[in-house]
$ cat coords.cif   # mmCIF, C-alpha atoms and all ligand atoms
data_coords
#
loop_
_atom_site.label_atom_id
_atom_site.label_comp_id
_atom_site.auth_asym_id
_atom_site.auth_seq_id
_atom_site.Cartn_x
_atom_site.Cartn_y
_atom_site.Cartn_z
CA MET A 1133 -33.32 -51.88 -9.84
CA ASP A 1134 -30.20 -53.40 -11.30
CA THR A 1135 -27.76 -50.52 -11.71
CA THR A 1136 -25.08 -52.83 -13.08
CA THR A 1137 -27.06 -53.60 -16.26
CA ARG A 1138 -25.41 -52.08 -19.30
CA PRO A 1139 -27.91 -50.24 -21.52
CA ALA A 1140 -28.12 -51.43 -25.14
CA TRP A 1141 -26.45 -48.28 -26.47
CA MET A 1142 -23.45 -48.62 -24.18
CA SER A 1143 -20.27 -50.22 -25.54
CA GLU A 1144 -17.04 -51.18 -23.83
CA GLY A 1145 -15.52 -47.94 -25.18
CA HIS A 1146 -18.22 -45.93 -23.40
CA GLU A 1147 -17.50 -47.79 -20.15
CA LEU A 1148 -13.76 -47.21 -20.41
CA LEU A 1149 -14.35 -43.49 -20.85
CA ALA A 1150 -16.72 -43.51 -17.85
CA ASP A 1151 -13.88 -45.02 -15.76
CA THR A 1152 -11.55 -42.21 -16.82
CA ALA A 1153 -14.25 -39.65 -16.00
CA ARG A 1154 -14.77 -41.20 -12.55
CA ARG A 1155 -11.04 -40.86 -11.91
CA PHE A 1156 -11.26 -37.21 -13.00
CA VAL A 1157 -14.14 -36.69 -10.54
CA ARG A 1158 -12.10 -38.18 -7.68
CA GLU A 1159 -8.81 -36.47 -8.53
CA ALA A 1160 -9.76 -33.13 -10.07
CA ILE A 1161 -13.27 -32.27 -8.82
CA GLU A 1162 -13.75 -33.64 -5.31
CA PRO A 1163 -10.58 -32.14 -3.75
CA ASN A 1164 -11.44 -28.73 -5.20
CA ASP A 1165 -15.22 -28.38 -5.21
CA ALA A 1166 -15.54 -26.47 -1.91
CA ARG A 1167 -12.90 -23.98 -3.07
CA TRP A 1168 -14.62 -23.63 -6.45
CA ARG A 1169 -17.90 -22.87 -4.72
CA ALA A 1170 -16.20 -20.23 -2.59
CA GLN A 1171 -14.51 -18.56 -5.57
CA HIS A 1172 -17.62 -19.04 -7.81
CA ARG A 1173 -15.54 -20.44 -10.58
CA VAL A 1174 -13.99 -23.76 -11.67
CA ASP A 1175 -10.19 -23.59 -12.12
CA LYS A 1176 -9.15 -23.36 -15.75
CA SER A 1177 -6.52 -26.02 -15.00
CA ALA A 1178 -9.33 -28.53 -14.36
CA TRP A 1179 -10.62 -27.89 -17.88
CA GLN A 1180 -7.15 -28.49 -19.29
CA ARG A 1181 -6.85 -31.72 -17.27
CA ALA A 1182 -10.20 -32.84 -18.69
CA GLY A 1183 -8.84 -32.04 -22.16
CA GLU A 1184 -5.67 -34.09 -21.53
CA LEU A 1185 -7.79 -37.06 -20.46
CA GLY A 1186 -9.94 -36.85 -23.59
CA LEU A 1187 -13.05 -35.84 -21.62
CA LEU A 1188 -14.05 -32.86 -23.78
CA LEU A 1189 -15.65 -32.84 -27.25
CA THR A 1190 -15.97 -36.62 -27.22
CA ASP A 1191 -18.60 -36.65 -29.98
CA VAL A 1192 -16.68 -34.31 -32.30
CA PRO A 1193 -14.61 -35.69 -35.21
CA GLY A 1194 -10.91 -36.31 -34.60
CA ALA A 1195 -10.11 -34.05 -37.57
CA TYR A 1196 -11.11 -31.12 -35.34
CA GLY A 1197 -9.34 -32.38 -32.23
CA GLY A 1198 -12.38 -34.26 -30.89
CA MET A 1199 -12.56 -37.87 -29.73
CA ASP A 1200 -14.40 -39.25 -32.77
CA GLY A 1201 -17.03 -40.77 -30.49
CA ASP A 1202 -20.81 -40.49 -30.33
CA PHE A 1203 -23.39 -39.10 -27.91
CA GLY A 1204 -22.95 -42.24 -25.78
CA HIS A 1205 -19.47 -41.00 -24.86
CA GLU A 1206 -20.96 -37.73 -23.66
CA VAL A 1207 -23.52 -39.64 -21.60
CA ALA A 1208 -20.84 -41.86 -20.07
CA ILE A 1209 -19.13 -38.71 -18.81
CA TYR A 1210 -22.30 -37.14 -17.34
CA ARG A 1211 -23.13 -40.37 -15.55
CA ALA A 1212 -19.66 -40.28 -13.99
CA LEU A 1213 -19.94 -36.56 -13.17
CA ALA A 1214 -23.27 -37.25 -11.45
CA GLU A 1215 -21.40 -39.37 -8.91
CA SER A 1216 -20.22 -36.08 -7.42
CA PRO A 1217 -22.89 -33.69 -6.12
CA GLU A 1218 -20.83 -30.78 -7.50
CA MET A 1219 -22.59 -29.37 -10.56
CA GLY A 1220 -20.32 -26.40 -11.35
CA PHE A 1221 -18.01 -28.24 -13.70
CA ALA A 1222 -20.75 -30.44 -15.19
CA ALA A 1223 -23.02 -27.49 -15.99
CA GLY A 1224 -20.12 -25.58 -17.52
CA ARG A 1225 -19.17 -28.63 -19.51
CA MET A 1226 -22.71 -28.95 -20.88
CA VAL A 1227 -22.50 -25.38 -22.18
CA HIS A 1228 -19.01 -26.04 -23.58
CA ALA A 1229 -20.27 -29.13 -25.46
CA ILE A 1230 -23.27 -27.22 -26.80
CA VAL A 1231 -21.05 -24.40 -28.07
CA ALA A 1232 -18.76 -26.92 -29.78
CA HIS A 1233 -21.80 -28.36 -31.54
CA TYR A 1234 -22.83 -24.94 -32.82
CA VAL A 1235 -19.39 -24.50 -34.34
CA LEU A 1236 -19.36 -28.06 -35.70
CA ALA A 1237 -22.84 -27.93 -37.22
CA CYS A 1238 -22.96 -24.33 -38.46
CA GLY A 1239 -19.37 -23.11 -38.71
CA THR A 1240 -17.22 -22.67 -41.80
CA GLU A 1241 -14.20 -24.96 -42.23
CA ALA A 1242 -11.93 -22.13 -41.04
CA GLN A 1243 -14.06 -21.59 -37.91
CA LYS A 1244 -14.10 -25.29 -37.05
CA ALA A 1245 -10.34 -25.60 -37.55
CA HIS A 1246 -9.70 -22.50 -35.44
CA TRP A 1247 -11.93 -23.10 -32.41
CA LEU A 1248 -12.59 -26.82 -31.96
CA PRO A 1249 -9.04 -28.12 -31.29
CA LYS A 1250 -8.57 -25.47 -28.56
CA MET A 1251 -11.90 -26.41 -27.05
CA ALA A 1252 -11.04 -30.12 -27.09
CA ALA A 1253 -7.81 -29.36 -25.23
CA GLY A 1254 -9.65 -27.33 -22.59
CA ASP A 1255 -7.57 -24.27 -23.51
CA CYS A 1256 -10.63 -22.40 -24.73
CA ILE A 1257 -13.90 -22.67 -22.78
CA GLY A 1258 -17.20 -22.11 -24.57
CA ALA A 1259 -20.16 -19.94 -23.55
CA ILE A 1260 -23.37 -18.92 -25.30
CA ALA A 1261 -25.28 -15.69 -24.76
CA MET A 1262 -28.93 -15.66 -25.77
CA THR A 1263 -30.72 -14.33 -22.69
CA GLU A 1264 -31.03 -10.60 -21.98
CA PRO A 1265 -32.56 -8.70 -19.08
CA GLY A 1266 -35.66 -8.09 -21.23
CA ALA A 1267 -35.86 -11.34 -23.23
CA GLY A 1268 -35.35 -14.99 -22.34
CA SER A 1269 -38.08 -17.33 -23.55
CA ASP A 1270 -39.11 -14.78 -26.15
CA LEU A 1271 -35.78 -14.69 -27.96
CA LYS A 1272 -37.15 -12.62 -30.80
CA GLY A 1273 -37.26 -9.75 -28.29
CA ILE A 1274 -33.49 -9.47 -27.86
CA ARG A 1275 -32.06 -5.97 -28.27
CA THR A 1276 -28.33 -6.60 -28.67
CA THR A 1277 -27.28 -5.45 -32.12
CA ALA A 1278 -24.34 -6.24 -34.41
CA VAL A 1279 -24.09 -3.63 -37.14
CA LEU A 1280 -21.71 -4.14 -40.05
CA ASP A 1281 -19.07 -1.40 -40.36
CA GLY A 1282 -16.48 -2.22 -43.03
CA ASP A 1283 -15.05 -5.64 -42.23
CA HIS A 1284 -16.25 -5.64 -38.61
CA TYR A 1285 -19.54 -5.93 -36.73
CA VAL A 1286 -20.03 -3.33 -34.03
CA VAL A 1287 -21.80 -4.96 -31.08
CA ASN A 1288 -23.89 -3.07 -28.50
CA GLY A 1289 -26.15 -4.43 -25.81
CA SER A 1290 -26.16 -6.68 -22.76
CA LYS A 1291 -26.80 -10.30 -21.81
CA THR A 1292 -27.57 -11.92 -18.49
CA TYR A 1293 -27.35 -15.25 -16.63
CA ILE A 1294 -24.46 -16.35 -18.86
CA SER A 1295 -22.68 -19.54 -17.74
CA ASN A 1296 -18.85 -19.84 -17.96
CA ALA A 1297 -18.69 -16.04 -18.23
CA LEU A 1298 -15.37 -15.55 -16.43
CA ASN A 1299 -13.64 -18.57 -17.93
CA MET A 1300 -14.89 -18.30 -21.51
CA GLY A 1301 -12.50 -17.99 -24.43
CA LEU A 1302 -15.24 -18.35 -27.03
CA LEU A 1303 -18.68 -16.80 -26.83
CA VAL A 1304 -21.47 -17.58 -29.27
CA LEU A 1305 -23.33 -14.29 -29.19
CA VAL A 1306 -26.94 -14.03 -30.35
CA ALA A 1307 -27.50 -10.56 -31.83
CA LYS A 1308 -29.69 -8.73 -34.30
CA THR A 1309 -27.84 -7.95 -37.51
CA ASP A 1310 -31.07 -6.63 -39.06
CA PRO A 1311 -33.45 -5.41 -36.34
CA ALA A 1312 -36.18 -4.68 -38.91
CA ALA A 1313 -36.28 -8.28 -40.17
CA GLY A 1314 -37.72 -9.91 -37.01
CA SER A 1315 -36.56 -13.48 -36.48
CA LYS A 1316 -34.85 -13.42 -39.90
CA GLY A 1317 -32.58 -10.61 -38.66
CA VAL A 1318 -30.92 -12.67 -35.89
CA SER A 1319 -27.35 -13.94 -36.35
CA LEU A 1320 -24.77 -15.73 -34.23
CA LEU A 1321 -21.27 -14.30 -33.85
CA LEU A 1322 -18.15 -16.03 -32.51
CA MET A 1323 -15.99 -13.88 -30.26
CA ASP A 1324 -13.43 -13.91 -27.49
CA PRO A 1325 -15.04 -11.17 -25.34
CA HIS A 1326 -12.31 -10.90 -22.72
CA ALA A 1327 -9.90 -9.97 -25.54
CA THR A 1328 -12.32 -7.45 -27.10
CA PRO A 1329 -12.19 -3.74 -26.15
CA GLY A 1330 -15.59 -2.43 -25.03
CA PHE A 1331 -16.58 -5.72 -23.34
CA ARG A 1332 -17.29 -5.87 -19.61
CA CYS A 1333 -18.27 -8.83 -17.46
CA GLY A 1334 -20.35 -8.10 -14.35
CA GLN A 1335 -19.90 -9.67 -10.91
CA VAL A 1336 -20.76 -13.35 -10.56
CA LEU A 1337 -24.51 -13.43 -9.89
CA ASP A 1338 -25.63 -14.58 -6.42
CA LYS A 1339 -27.59 -17.78 -7.16
CA ILE A 1340 -29.46 -20.16 -4.84
CA GLY A 1341 -27.36 -23.06 -6.12
CA MET A 1342 -24.59 -24.01 -8.56
CA HIS A 1343 -22.20 -21.81 -6.62
CA ALA A 1344 -19.13 -22.99 -8.53
CA GLN A 1345 -20.60 -21.66 -11.78
CA ASP A 1346 -19.38 -18.28 -13.02
CA THR A 1347 -22.81 -17.00 -14.12
CA CYS A 1348 -22.62 -13.30 -15.02
CA GLU A 1349 -24.06 -10.34 -16.87
CA LEU A 1350 -22.20 -9.28 -20.00
CA PHE A 1351 -22.00 -5.76 -21.43
CA PHE A 1352 -21.01 -4.81 -24.98
CA ASP A 1353 -20.17 -1.22 -25.78
CA ASP A 1354 -19.06 -0.70 -29.40
CA CYS A 1355 -17.22 -4.06 -29.44
CA ARG A 1356 -15.66 -4.70 -32.84
CA VAL A 1357 -15.93 -8.31 -34.01
CA PRO A 1358 -14.40 -9.34 -37.37
CA ALA A 1359 -17.09 -9.98 -39.99
CA ALA A 1360 -15.43 -13.35 -40.63
CA ASN A 1361 -16.63 -14.37 -37.13
CA LEU A 1362 -20.25 -14.56 -38.24
CA LEU A 1363 -21.19 -18.21 -37.53
CA GLY A 1364 -21.67 -19.84 -40.91
CA ASP A 1365 -21.55 -17.92 -44.13
CA ALA A 1366 -24.80 -15.92 -44.22
CA GLU A 1367 -26.46 -13.36 -41.96
CA GLY A 1368 -29.96 -13.87 -40.56
CA ARG A 1369 -29.62 -17.64 -39.94
CA GLY A 1370 -29.41 -17.33 -36.13
CA MET A 1371 -32.93 -18.46 -35.20
CA TYR A 1372 -32.68 -21.43 -37.53
CA GLN A 1373 -29.27 -22.37 -36.07
CA LEU A 1374 -30.66 -22.11 -32.52
CA MET A 1375 -33.74 -24.22 -33.30
CA ASP A 1376 -31.50 -26.81 -34.91
CA GLN A 1377 -29.14 -27.12 -31.93
CA LEU A 1378 -31.50 -26.72 -28.96
CA PRO A 1379 -32.74 -30.37 -29.03
CA TYR A 1380 -29.15 -31.55 -28.34
CA GLU A 1381 -28.99 -29.23 -25.33
CA ARG A 1382 -32.38 -30.38 -24.08
CA ALA A 1383 -31.54 -34.05 -24.41
CA LEU A 1384 -28.30 -33.43 -22.53
CA ILE A 1385 -30.11 -31.74 -19.63
CA GLY A 1386 -32.58 -34.64 -19.45
CA VAL A 1387 -29.82 -37.25 -19.52
CA TYR A 1388 -27.77 -35.54 -16.81
CA SER A 1389 -30.86 -35.02 -14.61
CA ALA A 1390 -31.67 -38.73 -14.84
CA ALA A 1391 -28.13 -39.57 -13.72
CA LEU A 1392 -28.35 -37.10 -10.81
CA MET A 1393 -31.70 -38.61 -9.81
CA GLU A 1394 -30.07 -42.04 -9.49
CA ARG A 1395 -27.34 -40.52 -7.38
CA ALA A 1396 -29.81 -38.71 -5.10
CA VAL A 1397 -31.74 -41.92 -4.48
CA ALA A 1398 -28.55 -43.92 -3.81
CA LEU A 1399 -27.33 -41.32 -1.28
CA THR A 1400 -30.72 -41.35 0.43
CA VAL A 1401 -30.94 -45.13 0.65
CA ASP A 1402 -27.49 -45.18 2.30
CA TRP A 1403 -28.56 -42.48 4.75
CA CYS A 1404 -31.82 -44.21 5.64
CA LYS A 1405 -29.97 -47.45 6.36
CA GLN A 1406 -27.60 -45.84 8.84
CA ARG A 1407 -29.80 -43.17 10.47
CA GLN A 1408 -31.42 -44.49 13.66
CA VAL A 1409 -34.85 -43.24 14.73
CA PHE A 1410 -36.92 -44.59 17.62
CA GLY A 1411 -34.40 -47.38 18.11
CA LYS A 1412 -34.28 -48.66 14.54
CA PRO A 1413 -32.91 -47.68 11.13
CA LEU A 1414 -34.99 -45.03 9.32
CA ILE A 1415 -35.42 -47.39 6.38
CA GLU A 1416 -37.54 -49.73 8.48
CA LEU A 1417 -40.38 -47.21 8.77
CA GLN A 1418 -43.16 -47.75 6.29
CA ASN A 1419 -43.22 -44.10 5.17
CA THR A 1420 -39.51 -44.24 4.37
CA ARG A 1421 -39.95 -47.47 2.45
CA PHE A 1422 -42.82 -46.05 0.42
CA GLN A 1423 -40.97 -42.79 -0.31
CA LEU A 1424 -37.88 -44.68 -1.44
CA ALA A 1425 -39.94 -47.14 -3.47
CA GLU A 1426 -41.62 -44.26 -5.29
CA ALA A 1427 -38.37 -42.36 -5.88
CA SER A 1428 -36.65 -45.49 -7.09
CA THR A 1429 -39.50 -46.34 -9.48
CA ARG A 1430 -39.52 -42.85 -10.95
CA THR A 1431 -35.74 -43.02 -11.36
CA GLU A 1432 -36.04 -46.30 -13.22
CA VAL A 1433 -38.79 -44.94 -15.53
CA ALA A 1434 -36.61 -41.89 -16.25
CA ARG A 1435 -33.64 -44.11 -16.99
CA VAL A 1436 -35.53 -46.24 -19.49
CA PHE A 1437 -36.93 -43.15 -21.25
CA VAL A 1438 -33.54 -41.46 -21.31
CA ASP A 1439 -31.84 -44.61 -22.63
CA ASP A 1440 -34.22 -44.48 -25.57
CA VAL A 1441 -33.45 -40.77 -26.11
CA ILE A 1442 -29.73 -41.59 -26.06
CA ARG A 1443 -30.16 -44.43 -28.53
CA ARG A 1444 -32.10 -42.16 -30.86
CA LEU A 1445 -29.57 -39.35 -30.58
CA ILE A 1446 -26.81 -41.81 -31.44
CA ASP A 1447 -28.62 -43.19 -34.49
CA GLY A 1448 -29.77 -39.72 -35.62
CA SER A 1449 -33.50 -40.32 -35.18
CA LEU A 1450 -34.17 -38.06 -32.17
CA ASP A 1451 -36.80 -35.42 -32.94
CA GLY A 1452 -37.13 -32.05 -31.21
CA THR A 1453 -40.46 -32.96 -29.58
CA THR A 1454 -39.02 -35.99 -27.80
CA ALA A 1455 -35.99 -33.93 -26.71
CA SER A 1456 -38.42 -31.38 -25.18
CA MET A 1457 -40.31 -34.21 -23.46
CA ALA A 1458 -37.05 -35.50 -21.96
CA LYS A 1459 -36.06 -32.02 -20.80
CA TRP A 1460 -39.31 -31.15 -19.02
CA TRP A 1461 -40.34 -34.52 -17.68
CA VAL A 1462 -36.99 -35.68 -16.35
CA THR A 1463 -36.08 -32.32 -14.78
CA GLN A 1464 -39.54 -32.01 -13.19
CA THR A 1465 -39.34 -35.56 -11.87
CA TYR A 1466 -35.79 -35.02 -10.62
CA GLY A 1467 -36.97 -31.92 -8.74
CA GLU A 1468 -39.75 -33.90 -7.04
CA VAL A 1469 -37.51 -36.87 -6.28
CA VAL A 1470 -34.66 -34.82 -4.78
CA ASP A 1471 -37.21 -32.94 -2.67
CA SER A 1472 -38.58 -36.18 -1.20
CA CYS A 1473 -34.99 -37.42 -0.68
CA LEU A 1474 -34.04 -34.25 1.21
CA GLN A 1475 -37.06 -34.71 3.50
CA LEU A 1476 -35.71 -38.09 4.61
CA PHE A 1477 -32.47 -36.40 5.73
CA GLY A 1478 -34.42 -34.22 8.19
CA GLY A 1479 -32.46 -31.15 9.35
CA ALA A 1480 -29.25 -32.52 7.84
CA GLY A 1481 -30.90 -32.20 4.44
CA TYR A 1482 -31.04 -28.44 4.87
CA MET A 1483 -27.30 -28.13 5.57
CA ASN A 1484 -25.13 -27.10 2.64
CA GLU A 1485 -22.36 -29.40 3.82
CA VAL A 1486 -24.63 -32.39 3.10
CA PRO A 1487 -24.61 -33.23 -0.63
CA ILE A 1488 -28.38 -33.72 -0.91
CA ALA A 1489 -28.90 -30.08 0.13
CA ARG A 1490 -26.70 -28.82 -2.69
CA MET A 1491 -28.30 -31.22 -5.16
CA TYR A 1492 -31.74 -29.90 -4.19
CA ALA A 1493 -30.71 -26.27 -4.78
CA ASP A 1494 -28.87 -27.08 -8.01
CA ALA A 1495 -31.77 -29.16 -9.35
CA ARG A 1496 -34.09 -26.15 -9.44
CA VAL A 1497 -32.38 -24.52 -12.39
CA MET A 1498 -32.83 -27.59 -14.56
CA ARG A 1499 -36.50 -26.62 -15.01
CA ILE A 1500 -35.51 -23.11 -16.08
CA PHE A 1501 -32.44 -23.07 -18.32
CA GLY A 1502 -32.16 -24.60 -21.77
CA GLY A 1503 -35.71 -23.32 -22.37
CA THR A 1504 -38.17 -23.34 -19.45
CA ASN A 1505 -40.36 -26.40 -18.93
CA GLU A 1506 -43.41 -24.32 -19.90
CA ILE A 1507 -41.76 -23.57 -23.25
CA MET A 1508 -41.01 -27.31 -23.64
CA LYS A 1509 -44.73 -28.07 -23.19
CA GLU A 1510 -45.62 -25.36 -25.71
CA LEU A 1511 -43.30 -26.99 -28.25
CA ILE A 1512 -44.70 -30.46 -27.56
CA ALA A 1513 -48.29 -29.20 -27.85
CA ARG A 1514 -47.50 -27.58 -31.22
CA ALA A 1515 -46.57 -30.99 -32.59
CA LEU A 1516 -49.81 -32.66 -31.48
C1 LIG B 1 -28.08 -20.56 -13.59
C2 LIG B 1 -28.52 -20.13 -14.96
C3 LIG B 1 -27.66 -20.29 -16.03
C4 LIG B 1 -28.04 -19.84 -17.29
N1 LIG B 1 -27.15 -19.93 -18.34
C5 LIG B 1 -27.46 -19.33 -19.51
C6 LIG B 1 -26.49 -19.25 -20.56
O1 LIG B 1 -25.36 -19.75 -20.44
N2 LIG B 1 -26.83 -18.61 -21.72
C7 LIG B 1 -28.07 -18.04 -21.88
O2 LIG B 1 -28.31 -17.47 -22.93
N3 LIG B 1 -29.01 -18.11 -20.91
C8 LIG B 1 -28.73 -18.73 -19.74
N4 LIG B 1 -29.66 -18.78 -18.74
C9 LIG B 1 -30.96 -18.14 -18.94
C10 LIG B 1 -32.11 -19.10 -19.12
O3 LIG B 1 -32.00 -19.81 -20.31
C11 LIG B 1 -33.39 -18.25 -19.04
O4 LIG B 1 -33.50 -17.80 -17.71
C12 LIG B 1 -34.63 -19.01 -19.47
O5 LIG B 1 -34.62 -19.27 -20.85
C13 LIG B 1 -35.92 -18.23 -19.14
O6 LIG B 1 -35.85 -16.92 -19.60
P1 LIG B 1 -36.23 -15.72 -18.59
O7 LIG B 1 -35.37 -15.87 -17.37
O8 LIG B 1 -36.12 -14.44 -19.34
O9 LIG B 1 -37.71 -15.97 -18.16
P2 LIG B 1 -39.03 -15.48 -18.93
O10 LIG B 1 -38.92 -15.82 -20.37
O11 LIG B 1 -39.32 -14.08 -18.56
O12 LIG B 1 -40.11 -16.43 -18.27
C14 LIG B 1 -40.76 -16.14 -17.03
C15 LIG B 1 -41.83 -17.20 -16.81
O13 LIG B 1 -42.80 -17.11 -17.85
C16 LIG B 1 -42.96 -18.36 -18.48
N5 LIG B 1 -43.26 -18.19 -19.89
C17 LIG B 1 -42.60 -17.43 -20.79
N6 LIG B 1 -43.13 -17.56 -22.00
C18 LIG B 1 -44.14 -18.44 -21.90
C19 LIG B 1 -45.09 -19.01 -22.81
N7 LIG B 1 -45.08 -18.71 -24.11
N8 LIG B 1 -46.01 -19.89 -22.33
C20 LIG B 1 -46.03 -20.19 -21.02
N9 LIG B 1 -45.16 -19.69 -20.11
C21 LIG B 1 -44.24 -18.83 -20.54
C22 LIG B 1 -41.64 -19.07 -18.27
O14 LIG B 1 -41.77 -20.47 -18.41
C23 LIG B 1 -41.30 -18.64 -16.87
O15 LIG B 1 -41.95 -19.46 -15.95
C24 LIG B 1 -29.32 -19.27 -17.48
C25 LIG B 1 -30.20 -19.15 -16.39
C26 LIG B 1 -29.81 -19.57 -15.14
C27 LIG B 1 -30.78 -19.38 -14.01
#

$ encode --input "coords.cif" --output "structure tokens"
Amino acid sequence: MDTTTRPAWMSEGHELLADTARRFVREAIEPNDARWRAQHRVDKSAWQRAGELGLLLTDVPGAYGGMDGDFGHEVAIYRALAESPEMGFAAGRMVHAIVAHYVLACGTEAQKAHWLPKMAAGDCIGAIAMTEPGAGSDLKGIRTTAVLDGDHYVVNGSKTYISNALNMGLLVLVAKTDPAAGSKGVSLLLMDPHATPGFRCGQVLDKIGMHAQDTCELFFDDCRVPAANLLGDAEGRGMYQLMDQLPYERALIGVYSAALMERAVALTVDWCKQRQVFGKPLIELQNTRFQLAEASTRTEVARVFVDDVIRRLIDGSLDGTTASMAKWWVTQTYGEVVDSCLQLFGGAGYMNEVPIARMYADARVMRIFGGTNEIMKELIARAL
């Protein structure tokens, strides 16, 4: 595998941005990641530093404070972030980028001008709340309501497993504005919950991985949100807006998982070269060689597939089915690869201080969020 080969979609501009992102990883993430895991939250100052370095909203037009780049710039950053095993910032950044794309694609001019420059600067961190205790995959089953009262919506309900919940300055809230209208009664609202009376954020949830992520439950009790904060200019467009944006999110998860897979294999190869067993390096045993050969082959296949997904996202030809394929297949393969890598670390692989252990725990969620892998297969099958 030649990891120095530049994929066809990658330009010098993408590489320069990757260098800046690598510096950010070394200077802003690595010295802080243990503390972030302990406090279950990334420092807001790290977001602002990322904003200063031009590492946020890279594929958003400059007119809205973005970097005027394309999806390749986003990918360059995730490849750099994957060089650190710490997923707290990267996962939060994925959500932030997704939220920016909702505003960009569906928002009114006033909404774009208000939110996007603050998000590009890292002064306002994005979150999105779809999932509820009673409805995740089956989004039509959500019970949170937003009822119009004069020039405000009154929001009641609760959400769960929401990423960036403590840090968020902008929440895209999925709510029913017309509960009798089924999927046509769902709308998206933009709000700053922490500045809204009646909002409460629960404790950070105790997860098996991604400990630096502030994943929480959210509670809304008669929260008043200005009617002008409806995303877009018509009620009832929420399901359409979600279906339109989810392929971007799914492609992003696939791309980042492929980068993490490369990192896991590289860490394991290094370990197997220096670990001595029965008087020789672990890498000299045939089982080790076969395991690494398999993991490395799967990583290469994922990389080629993902490079094609990236190219198609850049040129605007990526379809939702292929995005679902990338999400399920790459995250599933990453889970299997990181598991076989951990095995080669022996007991060390079970210790949280060893990066492969944290990567293993963090990898598990990739098959669940952004739409579970079973839902991805459902979507693919529907297109057959
Ligand atoms: C760490 C973390 C961060 C998250 N961040 C966010 C966030 O920021 N915002 C947000 O809104 N949500 C977030 N989520 C929620 C996540 O998107 C949901 O957990 C996910 O969509 C699954 O929903 P669920 O948990 O309700 O599971 P369920 O929908 O109850 O699914 C349970 C099981 O049933 C399967 N299943 C369901 N329907 C079908 C079907 N039709 N066919 C076959 N199998 C099916 C599922 O695949 C799964 O295996 C996060 C979750 C985690 C763990």

$ closest_residue --input "coords.cif" --among "A:Leu1187, A:Asp1151, A:Tyr1293, A:Val1433" --to "Asp1338 in chain A" --atoms "all atoms listed in the file"
A:Tyr1293

$ closest_residue --input "coords.cif" --among "A:Ala1253, A:Ala1150, A:Ala1495, A:Met1393" --to "ligand LIG 1 (chain B)" --atoms "only C-alpha atoms and all ligand atoms"
A:Ala1495

$ atom_distance --input "coords.cif" --atom1 "CA of Leu1185 in chain A" --atom2 "CA of Gly1198 in chain A"
11.7 Å

$ residues_near_ligand --input "coords.cif" --ligand "ligand LIG 1 (chain B)" --cutoff "7 Å" --atoms "all atoms listed in the file" --output "number ranges by chain"
A: 1227, 1259-1270, 1292-1296, 1347, 1497, 1500-1507, 1510

$ atom_distance --input "coords.cif" --atom1 "CA of Ser1428 in chain A" --atom2 "CA of Pro1217 in chain A"
18.2 Å

$ closest_residue --input "coords.cif" --among "A:His1146, A:Arg1430, A:Arg1332, A:Lys1308" --to "Met1199 in chain A" --atoms "only C-alpha atoms"
A:His1146

$ residues_around --input "coords.cif" --residues "range 1278-1290 of chain A" --least-positions-apart "4" --cutoff "7 Å" --atoms "only C-alpha atoms" --output "PDB file with C-alpha atoms, keeping the file's coordinate frame"
ATOM      1  CA  GLU A1264     -31.030 -10.600 -21.980  1.00  0.00           C
ATOM      2  CA  ALA A1307     -27.500 -10.560 -31.830  1.00  0.00           C
ATOM      3  CA  LYS A1308     -29.690  -8.730 -34.300  1.00  0.00           C
ATOM      4  CA  THR A1309     -27.840  -7.950 -37.510  1.00  0.00           C
ATOM      5  CA  LEU A1350     -22.200  -9.280 -20.000  1.00  0.00           C
ATOM      6  CA  PHE A1351     -22.000  -5.760 -21.430  1.00  0.00           C
ATOM      7  CA  PHE A1352     -21.010  -4.810 -24.980  1.00  0.00           C
ATOM      8  CA  ASP A1353     -20.170  -1.220 -25.780  1.00  0.00           C
ATOM      9  CA  ASP A1354     -19.060  -0.700 -29.400  1.00  0.00           C
ATOM     10  CA  CYS A1355     -17.220  -4.060 -29.440  1.00  0.00           C
ATOM     11  CA  ARG A1356     -15.660  -4.700 -32.840  1.00  0.00           C
ATOM     12  CA  VAL A1357     -15.930  -8.310 -34.010  1.00  0.00           C
ATOM     13  CA  PRO A1358     -14.400  -9.340 -37.370  1.00  0.00           C
ATOM     14  CA  ALA A1359     -17.090  -9.980 -39.990  1.00  0.00           C
TER      15      ALA A1359
END

$ residues_around --input "coords.cif" --residues "Arg1169 in chain A" --least-positions-apart "6" --cutoff "9 Å" --atoms "all atoms listed in the file" --output "CSV table (one decimal) with C-alpha atoms, keeping the file's coordinate frame"
chain,number,residue,atom,x,y,z
A,1218,GLU,CA,-20.8,-30.8,-7.5
A,1220,GLY,CA,-20.3,-26.4,-11.4
A,1342,MET,CA,-24.6,-24.0,-8.6
A,1343,HIS,CA,-22.2,-21.8,-6.6
A,1344,ALA,CA,-19.1,-23.0,-8.5
A,1345,GLN,CA,-20.6,-21.7,-11.8

$ residues_around --input "coords.cif" --residues "Gly1370 in chain A" --least-positions-apart "5" --cutoff "6 Å" --atoms "all atoms listed in the file" --output "ChimeraX atom specification"
/A:1318-1320

$ closest_residue --input "coords.cif" --among "A:Leu1363, A:Met1491, A:Val1304, A:Met1251" --to "Cys1238 in chain A" --atoms "all atoms listed in the file"
A:Leu1363

$ closest_residue --input "coords.cif" --among "A:Asn1164, A:Gln1243, A:Thr1276, A:Asn1484" --to "Leu1362 in chain A" --atoms "only C-alpha atoms"
A:Gln1243

$ residues_near_point --input "coords.cif" --point "(-18.0, -35.4, -2.2)" --cutoff "12 Å" --atoms "only C-alpha atoms" --output "list in words"
Val1157, Arg1158, Glu1159, Ala1160, Ile1161, Glu1162, Pro1163, Asn1164, Asp1165, Ala1166, Leu1213, Ala1214, Glu1215, Ser1216, Pro1217, Glu1218, Met1219, Arg1395, Leu1399, Asn1484, Glu1485, Val1486, Pro1487, Ile1488, Arg1490 and Met1491 of chain A
